[in-house]
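Novice: My questions all concern the structure below.
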Amino acid sequence: MKNDTLFMSRLLIIEQRYLAVKDTTKFQNTVNITNKNDYFYRNIISTYIMNAFTFILFSILINSMYFAEKNVLSIASFGILLFSYLFLMGIYNSINYLNTIFANNMMGPLKSLPMNVNVNVPLISWFIYNASSYIFVMAPSIAMFFILTGDLQTIFLGIAYSIMTLILSFIISGTIFIYHYAASRRHSSVKNVIRILFTFLLLGFFYIIIENPDYFASLTYLFNSLPFGLKYFLFPINLEYIIYLNYLSSFTVRTLEIGLSILFFLLIFIIYVRIRGKLYYILMAAEENSSIEKITTGIKLDRTYIAFLKKDIKTTFRKVQNLTYIFLPILFVLPFFLALNGNGLGGTSISIFSSMIYLTIIVSTFYSIFLLVIEGKGIEILDSLPIKRNRIANYKTIFGMTIFIILITVFLIVMFLFNNARGVVYIVEWINIVLLFYIIIYINIRRLIMKLPEGSSSINYYSFGRYPMFMLFVISVLIVALSLGAGIIISFAIYHIVNYFIYFDIPVNIILLFIFVLNKKIPKIRKYY
Amino acid sequence: MSFIEIHDLYKKYGNTTALNGINLNIDGGQIYGILGPNGSGKTTLLKIISGIISPTSGNIAINNMNVSENKDKIKAILGYIPETPSLYESLTPIEFFNFIGSVFNINSDILNERVRAFTAALETEKYMNEFIGSLSFGTKQKIAIISSLIHDPDIIVMDEGMNGLDPRSSKIIRELLKDLTKKGKTVIFSTHIMEIAETVCDTISILYNGDIAGTGNLEKLKEEAGSSNNDLEEIFLKLTGDEDLDNLLNSLRESIE
């Protein structure tokens, strides 16, 4: 690989980190002009190592149970779940990566350089400095499988297919990015929504197939009827089989399957070869981004929160890159939902309630960052307006709530239609979940917005520290645990007194709402003003 | 008592000192120019005046209100125009003005009238239904200027606000600013373009390496610099130290040859 390509790849990631932290006091206090590049490089490497370490730890924790039982099949099944996450994280991270480059026109200045920038720079930069750290989530799984089966090929195949899966996710993100970039110049917000919904429906379907084709009985039938047993080598549907389960197959069969599988991947890779030039061109010409949607409204004043809501809806729905952030969390909820509800959409009230809780945690974690990242350079406008940041957090929460209420309502309607879920209990839980979501997202957004240094000129994913998602996830889980835990304890206490069981979750959440949201005298907030 | 009083103002970014104990008194109803080379601290000073960032130490008061303690009140009477227009690219100018107008709670009829007047004056009416992202840099700058004026601020702070404007628009903005000062508004703007500073400003402060190198009208600055003519460029170079300029130029010429 040419030095120029590596240099440009590194430059892209350093620029992203620089934009995120340049306004922070910590950065200004610790870094002088001469050591800036070293600082960012160290920062990138340490983030990478910490990512890898966290993934390994998480994977060891779960796999150890199966390893202790010497349960090869469970390791394989969990392995495919890890591959699904690898795939999803790849999509999420690459969409984020491309959007940040695009929104900040990071490749635009390269146009004037007297050098031919390799069109693969976005992929190489993303893979080396971001995505490759995700591969470590697979390491314990394939290592334990190897120890139990002695099949050395699992290790090589595991690594190779992890790389292939990440490249596949980049190809999907890149294709979505190009398609929606071109489409956003022609179409309206409504069409954007329909387009992105359709894309995510396809992705969700694809994802379910990877995880377990048996979810669709007819699909299983279809696979079984495929000539030559395509399911054994059709990448990526074959992942569980080819990496783990065919270790007892003969060398000839295995070689043939791997060869054909890689051939399938190469066919997919042709898509990348076809789109990379276009992707590169779009990223280079970012400042020319525009849309021709015509708006003919006059000026009608709104209340401030409505004005914010309208602005956020428009900036999100008119920019497909932003729209992807809204729907992506749903894909993360899908495996949990499917695991709980078994084959098909059957489920108990406990599993439905658990899915709702999981949906709340994941969506609030993702949306907290997304709702601020969509501001981009707009943070400079907000900083010049006479609005305190905790009020901005409130307005952002309203937008997040609007989307979440739609999501959770659709979720319950699906449950009502495809399941035997009926009754007032779900409406009560709907209220409970909405309250819980409001508390979590408000706390998270307020925490993030307070972290932004005053006078920030732009916001991107890295503006909130090295592991913002992890911290948001932990906070979300803690609040949910507090809410559920307190609800259960109080409910049992009441049962003990009146001998009648009333689940006390809504009053608990109302109390939490008063403590965390409505109480304006929390010292942590006051110190900023 | 001046309209804006800046006392012993320091701003440090880590180890770098952007403002080094600035003292300034700015009277209301005038155009006040902050002149200085790149990196002299102009943007930092204007952002502190606008309540966008806080100083490391020192005080700044506008109309007897401490800026650090009354940021929202100051922002409500101030219009800030950044060096590069920060706008929501996927909104149209009309939608953006609607957002700004709603935040400032301006009467709908008054807002419509102001938008109509400003867009007509700056010849931007035809772009009102286009997405801001599709507009040229100059048009975006005009949109940013209009958005900072529609709430009728008492103070207008422009950070290199004439950047990217064609001569016609630049002339219109200059005349508009002069008219606003006649109505008692105060305009503070930074520039490194001598011609603009010379033709527009009533008072000029020259900022150099975070310090005030000179303040006053053209005559006073000429005196401070010990300059014999009225050329602001010469005054500026004298006040900011032009001793090493010849050496730099000679060295550059040699390297080119």
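By convention in this document, the chains of the structure tokens carry letters A, B, ... by their order, each chain's residues are numbered from 1, and ligands are numbered from 1 in the order they are shown.
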From a DSSP pass on the backbone, collect the residues of range 91-240 of chain B flagged as strand (DSSP E) and hand them back as a PyMOL selection string.
Specialist: chain B and resi 155-159+186-191+203-208+211-216
Novice: Have a look at A:Gly259, A:Asn104, A:Leu11, A:Ile403 and name the one nearest to Thr316 in chain A; count only C-alpha atoms.
Specialist: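 The shortest atom-to-atom distance to Thr316 in chain A comes from A:Ile403.
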Novice: Mind checking which residues fall within 10 Å of Asn509 in chain A, counting only C-alpha atoms, ignoring those fewer than 4 positions away in the same chain, and posting them as a list in words?
Specialist: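 Here the answer would be Ile431, Asn432, Ile433, Val434, Leu435, Leu436, Phe437, Tyr438, Ile439, Ile479, Val480, Leu482, Ser483, Leu484, Ala486, Gly487, Phe504, Asp505, Leu513, Phe514 and Ile515 of chain A.
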Novice: Which residue, B:Phe236, B:Phe104, B:Tyr32, B:Tyr10, has the smallest gap to chain A when you use only C-alpha atoms?
Specialist: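 The closest residue to chain A is B:Phe104.
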Novice: I want to know what sits within 8 Å of range 40-42 of chain B, based on only C-alpha atoms, with residues of the same chain fewer than 6 positions away left out; could you give that as a count of residues only?
Specialist: 9
Novice: So how many Å separate CA of Asn3 in chain A and CA of Pro122 in chain A, to one decimal?
Specialist: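 Separation between CA of Asn3 in chain A and CA of Pro122 in chain A: 15.0 Å.
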Novice: Using only C-alpha atoms, which residues sit within 10 Å of Tyr281 in chain A once same-chain residues fewer than 6 positions away are excluded, as a list in words?
Specialist: Met107, Gly108, Val119, Ile178 and Ile275 of chain A
Novice: For each of A:Leu239, A:Ala285, A:Ala131, A:Ile511, take the minimum atom-to-atom distance to Asn93 in chain A, counting only C-alpha atoms, then give the residue where this is smallest.
Specialist: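 Under the stated criterion, the closest residue is A:Ala131.
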Novice: Just the residues within 7 Å of range 71-78 of chain B, please, counting only C-alpha atoms, with nothing from its chain fewer than 2 positions along; format it as a list of chain:residue names.
Specialist: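 The neighbour list is A:Ser384, A:Leu385, A:Pro386, A:Ile387, B:Ser50, B:Gly51, B:Val67, B:Ser68, B:Glu69, B:Tyr80, B:Pro153, B:Asp154, B:Ile155, B:Ile156.
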Novice: Choose the residue, out of A:Ile13, A:Leu301, A:Ile135, A:Ile163, that has the smallest atom-to-atom separation from Ile94 in chain B; count only C-alpha atoms.
Specialist: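 Between A:Ile13, A:Leu301, A:Ile135, A:Ile163, the residue approaching Ile94 in chain B most closely is A:Leu301.
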Novice: Counting only C-alpha atoms, figure out which residue out of A:Phe269, A:Phe308, A:Tyr179, A:Phe464 gets nearest to chain B.
Specialist: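 Nearest to chain B: A:Phe308.
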Novice: Take CA of Ser456 in chain A and CA of Ile379 in chain A and report the distance between them in Å, one decimal.
Specialist: 6.8 Å
Novice: Between B:Ile49, B:Asn20, B:Ile31, B:Asn112, single out the one closest to chain A, counting only C-alpha atoms.
Specialist: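 Going through B:Ile49, B:Asn20, B:Ile31, B:Asn112 one by one, the smallest distance to chain A is for B:Asn112.
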Novice: Leaving out range 138-143 of chain B and any residue of its chain fewer than 3 positions from it, which residues lie within 6 Å of it when counting only C-alpha atoms, given as a VMD selection string?
Specialist: chain B and resid 85 146 164 to 165
Novice: Quick check: residues of chain B within 9 Å of chain A, only C-alpha atoms, returned as an mmCIF file with C-alpha atoms, in the first residue's frame.
Specialist:
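Result file out_15.cif:
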data_model
loop_
_atom_site.group_PDB
_atom_site.id
_atom_site.type_symbol
_atom_site.label_atom_id
_atom_site.label_comp_id
_atom_site.auth_asym_id
_atom_site.auth_seq_id
_atom_site.Cartn_x
_atom_site.Cartn_y
_atom_site.Cartn_z
ATOM 1 C CA LYS B 12 -6.174 31.541 27.346
ATOM 2 C CA TYR B 13 -6.551 28.357 25.319
ATOM 3 C CA GLY B 14 -4.321 25.954 27.157
ATOM 4 C CA ASN B 15 -0.845 27.424 26.940
ATOM 5 C CA THR B 16 -1.792 29.899 24.232
ATOM 6 C CA LYS B 47 -17.212 35.856 20.861
ATOM 7 C CA SER B 50 -21.346 38.193 22.331
ATOM 8 C CA GLY B 51 -21.520 35.938 25.398
ATOM 9 C CA ILE B 52 -20.649 32.862 23.326
ATOM 10 C CA ILE B 53 -17.463 32.091 25.247
ATOM 11 C CA SER B 54 -16.292 33.180 28.683
ATOM 12 C CA GLU B 69 -23.570 36.835 34.411
ATOM 13 C CA LYS B 71 -25.423 35.873 28.785
ATOM 14 C CA ASP B 72 -29.021 35.275 27.732
ATOM 15 C CA LYS B 73 -30.003 38.925 28.240
ATOM 16 C CA ILE B 74 -26.989 40.029 26.201
ATOM 17 C CA LYS B 75 -27.681 37.524 23.438
ATOM 18 C CA ALA B 76 -31.262 38.776 23.256
ATOM 19 C CA LEU B 78 -27.215 41.248 20.171
ATOM 20 C CA GLY B 79 -26.879 39.918 16.634
ATOM 21 C CA TYR B 80 -23.787 37.826 15.967
ATOM 22 C CA PRO B 82 -19.716 34.530 12.428
ATOM 23 C CA SER B 86 -23.269 28.681 10.248
ATOM 24 C CA LEU B 87 -26.671 27.777 8.889
ATOM 25 C CA TYR B 88 -28.881 24.711 8.673
ATOM 26 C CA GLU B 89 -28.176 23.520 5.157
ATOM 27 C CA SER B 90 -31.360 21.497 4.794
ATOM 28 C CA LEU B 91 -33.657 24.377 5.739
ATOM 29 C CA THR B 92 -34.751 27.113 3.374
ATOM 30 C CA ILE B 94 -37.654 31.279 5.120
ATOM 31 C CA GLU B 95 -37.691 28.295 7.462
ATOM 32 C CA PHE B 96 -34.475 29.465 9.085
ATOM 33 C CA PHE B 97 -35.871 32.962 9.660
ATOM 34 C CA ASN B 98 -39.008 31.334 11.050
ATOM 35 C CA PHE B 99 -36.870 29.386 13.530
ATOM 36 C CA ILE B 100 -34.852 32.440 14.579
ATOM 37 C CA GLY B 101 -37.987 34.609 14.769
ATOM 38 C CA SER B 102 -39.732 32.029 16.950
ATOM 39 C CA VAL B 103 -36.781 31.792 19.346
ATOM 40 C CA PHE B 104 -36.684 35.589 19.702
ATOM 41 C CA ASN B 105 -40.485 35.685 19.867
ATOM 42 C CA ILE B 106 -40.804 38.454 17.293
ATOM 43 C CA ASN B 107 -44.251 39.601 16.248
ATOM 44 C CA SER B 108 -45.195 37.760 13.079
ATOM 45 C CA ASP B 109 -46.140 40.850 11.039
ATOM 46 C CA LEU B 111 -40.847 39.717 11.251
ATOM 47 C CA ASN B 112 -42.429 39.331 7.818
ATOM 48 C CA MET B 128 -36.155 32.137 -0.142
ATOM 49 C CA ASN B 129 -37.521 28.712 -1.106
ATOM 50 C CA GLU B 130 -34.199 27.083 -1.984
ATOM 51 C CA PHE B 131 -32.329 24.934 0.472
ATOM 52 C CA ILE B 132 -29.549 26.913 2.140
ATOM 53 C CA GLY B 133 -27.085 24.124 1.242
ATOM 54 C CA SER B 134 -27.590 24.867 -2.441
ATOM 55 C CA LEU B 135 -26.775 28.582 -2.149
#
